[in-house]
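Encoded as C-alpha cells, the structure appears first; notes follow it.
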Amino acid sequence: MVFTCASAQDYPSHPVKIIVPFAAGTAADTTARFLAQQLGERLKQSFVVDNRPGAGAALGAVALKRATPDGYTIGQMVSANVVQPWLVKDAPFDIRKDFAALAMMYSGPMVMTAGPSFTPHDISEVIAYAKSNPGKVSIGSIGTGSATHLAAELLRQMAGVDIINVPFKSAVDMHRAVSVGDVSFSFDSYGSPRPLVEAGKLRVLAVTTKDRLSILPKVPSISESYPNFDMASWVALGAPLGTSQDILDTLSRETRLVMQTQEWRQLLSNNGVEPSLMTPAQLLQKISSDYDKFGQIVKGAGIKPE
C-alpha cells in the first residue's frame, strides 16, 4: 500500500487529530487541548483532541499505530506504553520501533493519594499498615503495567509488603474509587487528582521522585524513606511510522516552540509536572532506557506476558 501526503509547504490543509489515551480532564488531556489550540493558531488549521482511554493507555497507542501516516493523525505516547511489550504476548505495538518521535511533552513525579477513610498519613504509616494488614491494602491503577501500577509495584518490592492492584478504565474512575475508600490509595500525576485534593476528598501522602514537588513543598518524597525509589511518568508526542520527515520536522519544530512559552510552563506547573525539551533522538533514547528499567520491575513482580 502506498501512502501519499502533502508537502510541508501545504501542510496542514485540513484538521489534524491528536489521540489522547486518557479520559477528558486528566493532565494528559488538558495539556493536549492547550497544545491543539496553540498549534492550530500557529499552523492556521484545526487540531482536534480524540480521547481513547483504556487498557493502560494501550488503546490510544494501537489507534495511533494503525492511523494513516499522512500527518493528519498524531498522538500521545506515554511511559506506560514502554512496558506493555513486557506484559502482553505478541503485543500489538512496540513503542521503540512502531512510532516516529516528535517531542517530549512533559515528565514529572506522581503523587500518592488516599481518601479520608484510609488511616495512614505518610509513607511510613502506609508501610506499617500494609505489614499489619496483609492482603487488605489495594492500589488503584489505570491498568497493569501503567506508570500508576509500576510505582506501587516498585514500592511493594522495596518495602516487602503486599499490595493488591485494582485496575480501572480511567483515572477519573480510579480517583473517585480512592476518594470513597473502595481502594486504599493510588499514584498519578498531580493534575488528575488535584480537584479532589482541593475539595478535601483526597489527601496527598507522598511524591515518587527524589525531589519534592514545588507546589506541594510539605509533602515528602518516598525516597526520603527508601533512597533508591525514583519513578516519574511522562507524556510524549508521536506519529505513525512512515509519516513524511518534512511533516515530522514541522510538527516537532512548532510543538517545541509552543513548549517554550510561559503559558505552557504555567500549565505544566499547575499540573505538577515539568517541561522537557528533548529532541526526537533524545526521546527515543529515553524510551529505550525506560524499557530496560521498567522491565526489571516487571520481572521483579513475577509478571509473565499473557
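Naming works like this for the C-alpha cells: A, B, ... for the chains as they're shown, residue 1 at the start of each chain, ligands 1 onward in shown order.
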
Which residues are near Leu205 of chain A? Cut-off 10 Å, only C-alpha atoms, ignore same chain within fewer than 3 positions. Put them as an MDAnalysis selection string. chainID A and resid 111:114 120:126 185 202 218:222

Write out as a ChimeraX atom specification all residues of segment 93-278 of chain A that backbone DSSP assigns to strand (DSSP E or B). /A:99-114,138-141,164-167,185-189,203-207,221,232-240,274

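Here atom CA of Tyr190 of chain A is placed at a distance of 25.9 Å from atom CA of Gly160 of chain A.
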
Identify which of the residues A:Val172, A:Val235, A:Leu43, A:Ala101 lies closest to Gln285 of chain A, counting only C-alpha atoms when measuring atom-to-atom distances.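 Between A:Val172, A:Val235, A:Leu43, A:Ala101, the residue approaching Gln285 of chain A most closely is A:Ala101.
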
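Using only C-alpha atoms, the protein and nucleic acid residues lying no more than 12 Å from Glu41 of chain A, apart from those fewer than 6 places from it along its own chain, are Pro12, Phe34, Leu35, Phe47, Glu254, Thr255 and Val258 of chain A.
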
Got time to write the residues from that selection, C-alpha atoms, as a CSV table (one decimal), in the first residue's frame?
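Saved result, selection02.csv, follows:
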```
chain,number,residue,atom,x,y,z
A,12,PRO,CA,-1.8,21.1,7.1
A,34,PHE,CA,-3.8,23.5,25.1
A,35,LEU,CA,-1.2,22.2,22.5
A,47,PHE,CA,-6.1,20.4,15.8
A,254,GLU,CA,6.1,24.0,16.1
A,255,THR,CA,5.5,21.9,19.2
A,258,VAL,CA,4.8,26.2,22.0
```

Can you pull out every residue within 8 Å of Ile287 of chain A, counting only C-alpha atoms, but drop anything in the same chain fewer than 6 positions away, and send it as a ChimeraX atom specification? /A:79,82,95-96

DSSP on the backbone: what in segment 52-193 of chain A comes out helix (DSSP H, G or I), as a PyMOL selection string? chain A and resi 55-66+79-87+123-132+147-159+171-179

Written selection (N, CA and C atoms) as a short mmCIF file (atom, residue, chain, number, x, y, z; two decimals), in the first residue's frame:
```cif
data_model
loop_
_atom_site.label_atom_id
_atom_site.label_comp_id
_atom_site.auth_asym_id
_atom_site.auth_seq_id
_atom_site.Cartn_x
_atom_site.Cartn_y
_atom_site.Cartn_z
N ALA A 55 -7.20 0.23 28.76
CA ALA A 55 -6.12 -0.75 28.65
C ALA A 55 -4.76 -0.16 29.01
N GLY A 56 -4.75 0.68 30.04
CA GLY A 56 -3.48 1.26 30.47
C GLY A 56 -2.81 2.09 29.42
N ALA A 57 -3.58 2.81 28.65
CA ALA A 57 -3.11 3.69 27.56
C ALA A 57 -2.74 2.93 26.30
N ALA A 58 -3.02 1.62 26.26
CA ALA A 58 -2.68 0.84 25.08
C ALA A 58 -3.63 1.09 23.92
N LEU A 59 -4.90 1.37 24.20
CA LEU A 59 -5.87 1.58 23.13
C LEU A 59 -5.48 2.78 22.27
N GLY A 60 -5.03 3.83 22.91
CA GLY A 60 -4.60 5.00 22.16
C GLY A 60 -3.39 4.71 21.29
N ALA A 61 -2.44 3.94 21.83
CA ALA A 61 -1.24 3.60 21.06
C ALA A 61 -1.57 2.74 19.85
N VAL A 62 -2.48 1.80 20.02
CA VAL A 62 -2.88 0.95 18.89
C VAL A 62 -3.54 1.80 17.81
N ALA A 63 -4.41 2.73 18.24
CA ALA A 63 -5.08 3.60 17.27
C ALA A 63 -4.07 4.47 16.52
N LEU A 64 -3.06 4.94 17.22
CA LEU A 64 -2.04 5.77 16.58
C LEU A 64 -1.22 4.94 15.59
N LYS A 65 -0.85 3.73 15.97
CA LYS A 65 -0.06 2.89 15.08
C LYS A 65 -0.83 2.59 13.79
N ARG A 66 -2.14 2.36 13.91
CA ARG A 66 -2.94 1.96 12.76
C ARG A 66 -3.37 3.14 11.89
N SER A 79 4.63 6.87 29.19
CA SER A 79 5.57 5.95 29.84
C SER A 79 4.97 4.56 30.00
N ALA A 80 3.66 4.47 30.19
CA ALA A 80 3.02 3.15 30.32
C ALA A 80 3.19 2.31 29.06
N ASN A 81 3.25 2.95 27.90
CA ASN A 81 3.38 2.20 26.65
C ASN A 81 4.71 1.47 26.55
N VAL A 82 5.73 1.98 27.24
CA VAL A 82 7.06 1.37 27.16
C VAL A 82 7.05 -0.05 27.70
N VAL A 83 6.27 -0.27 28.76
CA VAL A 83 6.33 -1.56 29.45
C VAL A 83 5.40 -2.60 28.84
N GLN A 84 4.49 -2.19 27.99
CA GLN A 84 3.47 -3.13 27.52
C GLN A 84 4.02 -4.34 26.76
N PRO A 85 5.12 -4.23 26.00
CA PRO A 85 5.68 -5.45 25.40
C PRO A 85 6.16 -6.47 26.43
N TRP A 86 6.45 -6.02 27.66
CA TRP A 86 6.83 -6.94 28.73
C TRP A 86 5.62 -7.69 29.29
N LEU A 87 4.42 -7.18 29.01
CA LEU A 87 3.22 -7.71 29.66
C LEU A 87 2.33 -8.53 28.74
N ILE A 123 4.20 7.82 54.24
CA ILE A 123 4.64 6.56 53.64
C ILE A 123 5.02 5.54 54.70
N SER A 124 5.62 5.99 55.81
CA SER A 124 5.98 5.06 56.87
C SER A 124 4.75 4.40 57.46
N GLU A 125 3.69 5.19 57.65
CA GLU A 125 2.45 4.63 58.19
C GLU A 125 1.77 3.70 57.18
N VAL A 126 1.89 4.03 55.89
CA VAL A 126 1.32 3.16 54.86
C VAL A 126 1.98 1.78 54.91
N ILE A 127 3.31 1.77 54.98
CA ILE A 127 4.04 0.50 55.00
C ILE A 127 3.73 -0.27 56.28
N ALA A 128 3.70 0.41 57.41
CA ALA A 128 3.38 -0.26 58.68
C ALA A 128 1.98 -0.86 58.63
N TYR A 129 1.05 -0.11 58.07
CA TYR A 129 -0.34 -0.58 57.95
C TYR A 129 -0.41 -1.80 57.03
N ALA A 130 0.31 -1.75 55.92
CA ALA A 130 0.30 -2.87 54.98
C ALA A 130 0.88 -4.13 55.60
N LYS A 131 1.95 -3.97 56.40
CA LYS A 131 2.55 -5.12 57.04
C LYS A 131 1.65 -5.71 58.12
N SER A 132 0.85 -4.86 58.76
CA SER A 132 -0.06 -5.32 59.81
C SER A 132 -1.37 -5.86 59.25
N ALA A 147 2.20 3.37 34.50
CA ALA A 147 3.07 4.01 35.49
C ALA A 147 2.41 4.03 36.85
N THR A 148 1.09 4.18 36.88
CA THR A 148 0.37 4.19 38.16
C THR A 148 0.50 2.85 38.87
N HIS A 149 0.58 1.77 38.12
CA HIS A 149 0.77 0.45 38.71
C HIS A 149 2.23 0.19 39.05
N LEU A 150 3.16 0.56 38.16
CA LEU A 150 4.57 0.28 38.39
C LEU A 150 5.12 1.01 39.61
N ALA A 151 4.60 2.21 39.89
CA ALA A 151 5.05 2.92 41.09
C ALA A 151 4.70 2.12 42.34
N ALA A 152 3.49 1.58 42.37
CA ALA A 152 3.08 0.76 43.52
C ALA A 152 3.86 -0.54 43.57
N GLU A 153 4.15 -1.11 42.41
CA GLU A 153 4.90 -2.37 42.38
C GLU A 153 6.33 -2.15 42.86
N LEU A 154 6.94 -1.04 42.47
CA LEU A 154 8.29 -0.73 42.95
C LEU A 154 8.28 -0.56 44.46
N LEU A 155 7.27 0.11 45.00
CA LEU A 155 7.14 0.27 46.45
C LEU A 155 6.96 -1.08 47.12
N ARG A 156 6.14 -1.92 46.54
CA ARG A 156 5.91 -3.26 47.11
C ARG A 156 7.21 -4.05 47.18
N GLN A 157 8.00 -3.98 46.11
CA GLN A 157 9.26 -4.73 46.09
C GLN A 157 10.27 -4.18 47.08
N MET A 158 10.37 -2.86 47.16
CA MET A 158 11.37 -2.26 48.03
C MET A 158 11.00 -2.38 49.51
N ALA A 159 9.70 -2.28 49.81
CA ALA A 159 9.26 -2.32 51.21
C ALA A 159 8.89 -3.72 51.67
N ALA A 171 -8.50 7.36 34.78
CA ALA A 171 -8.01 7.99 36.01
C ALA A 171 -9.16 8.59 36.81
N VAL A 172 -10.17 9.10 36.12
CA VAL A 172 -11.32 9.67 36.82
C VAL A 172 -11.99 8.62 37.69
N ASP A 173 -12.22 7.44 37.13
CA ASP A 173 -12.84 6.36 37.90
C ASP A 173 -11.94 5.93 39.06
N MET A 174 -10.65 5.86 38.81
CA MET A 174 -9.70 5.46 39.83
C MET A 174 -9.72 6.41 41.02
N HIS A 175 -9.62 7.71 40.75
CA HIS A 175 -9.58 8.68 41.85
C HIS A 175 -10.90 8.72 42.61
N ARG A 176 -11.98 8.54 41.91
CA ARG A 176 -13.28 8.51 42.60
C ARG A 176 -13.34 7.31 43.55
N ALA A 177 -12.84 6.17 43.11
CA ALA A 177 -12.85 4.97 43.95
C ALA A 177 -11.96 5.16 45.18
N VAL A 178 -10.82 5.81 45.01
CA VAL A 178 -9.94 6.07 46.14
C VAL A 178 -10.62 7.03 47.12
N SER A 179 -11.27 8.03 46.60
CA SER A 179 -11.88 9.05 47.46
C SER A 179 -12.97 8.48 48.37
#
```

Which of A:Ser141, A:Thr73, A:Ser225, A:Gln260 sits closest to Leu248 of chain A [using only C-alpha atoms]: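 Of A:Ser141, A:Thr73, A:Ser225, A:Gln260, the one nearest Leu248 of chain A, counting only C-alpha atoms, is A:Thr73.
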
Pick out the closest residue to Leu268 of chain A from this set: A:Ile74, A:Val180, A:Leu237, A:Ile215. Count only C-alpha atoms.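 Once distances to Leu268 of chain A are computed over only C-alpha atoms, the minimum belongs to A:Ile215.
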
So which residues touch segment 102-110 of chain A within 8 Å, counting only C-alpha atoms, skipping near sequence neighbours fewer than 3 positions away, as a compact mmCIF listing (two decimals) with C-alpha atoms, in the first residue's frame?
```
# COMPACT_ATOMS: atom_id res chain seq x y z
CA THR A 148 0.37 4.19 38.16
CA PHE A 187 -0.49 7.09 42.16
CA ASP A 188 -0.93 9.63 39.36
CA SER A 189 0.38 12.96 38.09
CA TYR A 190 -0.89 15.66 40.42
CA VAL A 207 5.62 12.05 45.75
CA THR A 208 7.50 9.49 43.67
CA THR A 209 10.64 11.33 42.53
CA LEU A 213 7.09 18.82 44.30
CA MET A 231 9.63 6.94 39.48
CA ALA A 232 8.47 9.57 37.00
CA SER A 233 5.73 9.37 34.43
CA TRP A 234 5.92 11.15 31.11
CA VAL A 235 3.84 12.01 28.09
CA ALA A 236 5.34 12.48 24.63
CA LEU A 237 4.01 13.20 21.17
CA GLY A 238 4.46 10.86 18.22
CA ALA A 239 3.17 9.98 14.79
CA LEU A 248 7.52 15.42 11.24
CA ASP A 249 10.03 18.27 11.25
CA LEU A 251 5.26 19.30 13.87
CA SER A 252 8.32 18.84 16.06
CA THR A 255 5.46 21.86 19.19
CA ARG A 256 8.81 22.76 20.73
CA MET A 259 6.59 24.41 24.80
CA LEU A 268 2.61 22.24 33.48
CA GLY A 272 2.71 19.34 38.99
CA VAL A 273 4.95 18.31 36.09
CA GLU A 274 7.99 19.73 34.35
CA PRO A 275 8.71 20.76 30.74
CA SER A 276 11.22 18.64 28.86
CA LEU A 277 12.59 19.94 25.57
CA MET A 278 14.04 16.67 24.33
CA THR A 279 14.89 16.28 20.68
CA PRO A 280 13.24 13.34 18.89
CA LEU A 283 13.14 10.95 23.30
```

Just checking: using only C-alpha atoms, which residue out of A:Asn271, A:Thr31, A:Gln37, A:Thr144 ends up closest to Gly191 of chain A?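 So, comparing all the options, the nearest one is A:Asn271.
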
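Shortest atom-to-atom contact with Gly115 of chain A among A:Arg203, A:Lys89, A:Lys44, A:Lys97: A:Arg203, counting only C-alpha atoms.
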
Between A:Ala281, A:Val166, A:Ile297, A:Ile247, which has the minimum distance to Gly71 of chain A (counting only C-alpha atoms)? A:Ile247

To one decimal place in Å, what is the distance between atom CA of Gln245 of chain A and atom CA of Phe99 of chain A?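 We find that atom CA of Gln245 of chain A and atom CA of Phe99 of chain A lie 12.5 Å from each other.
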
What is the atom CA of Ala23 of chain A to atom CA of Val78 of chain A distance in Å?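 Spanning atom CA of Ala23 of chain A to atom CA of Val78 of chain A is a straight-line distance of 13.8 Å.
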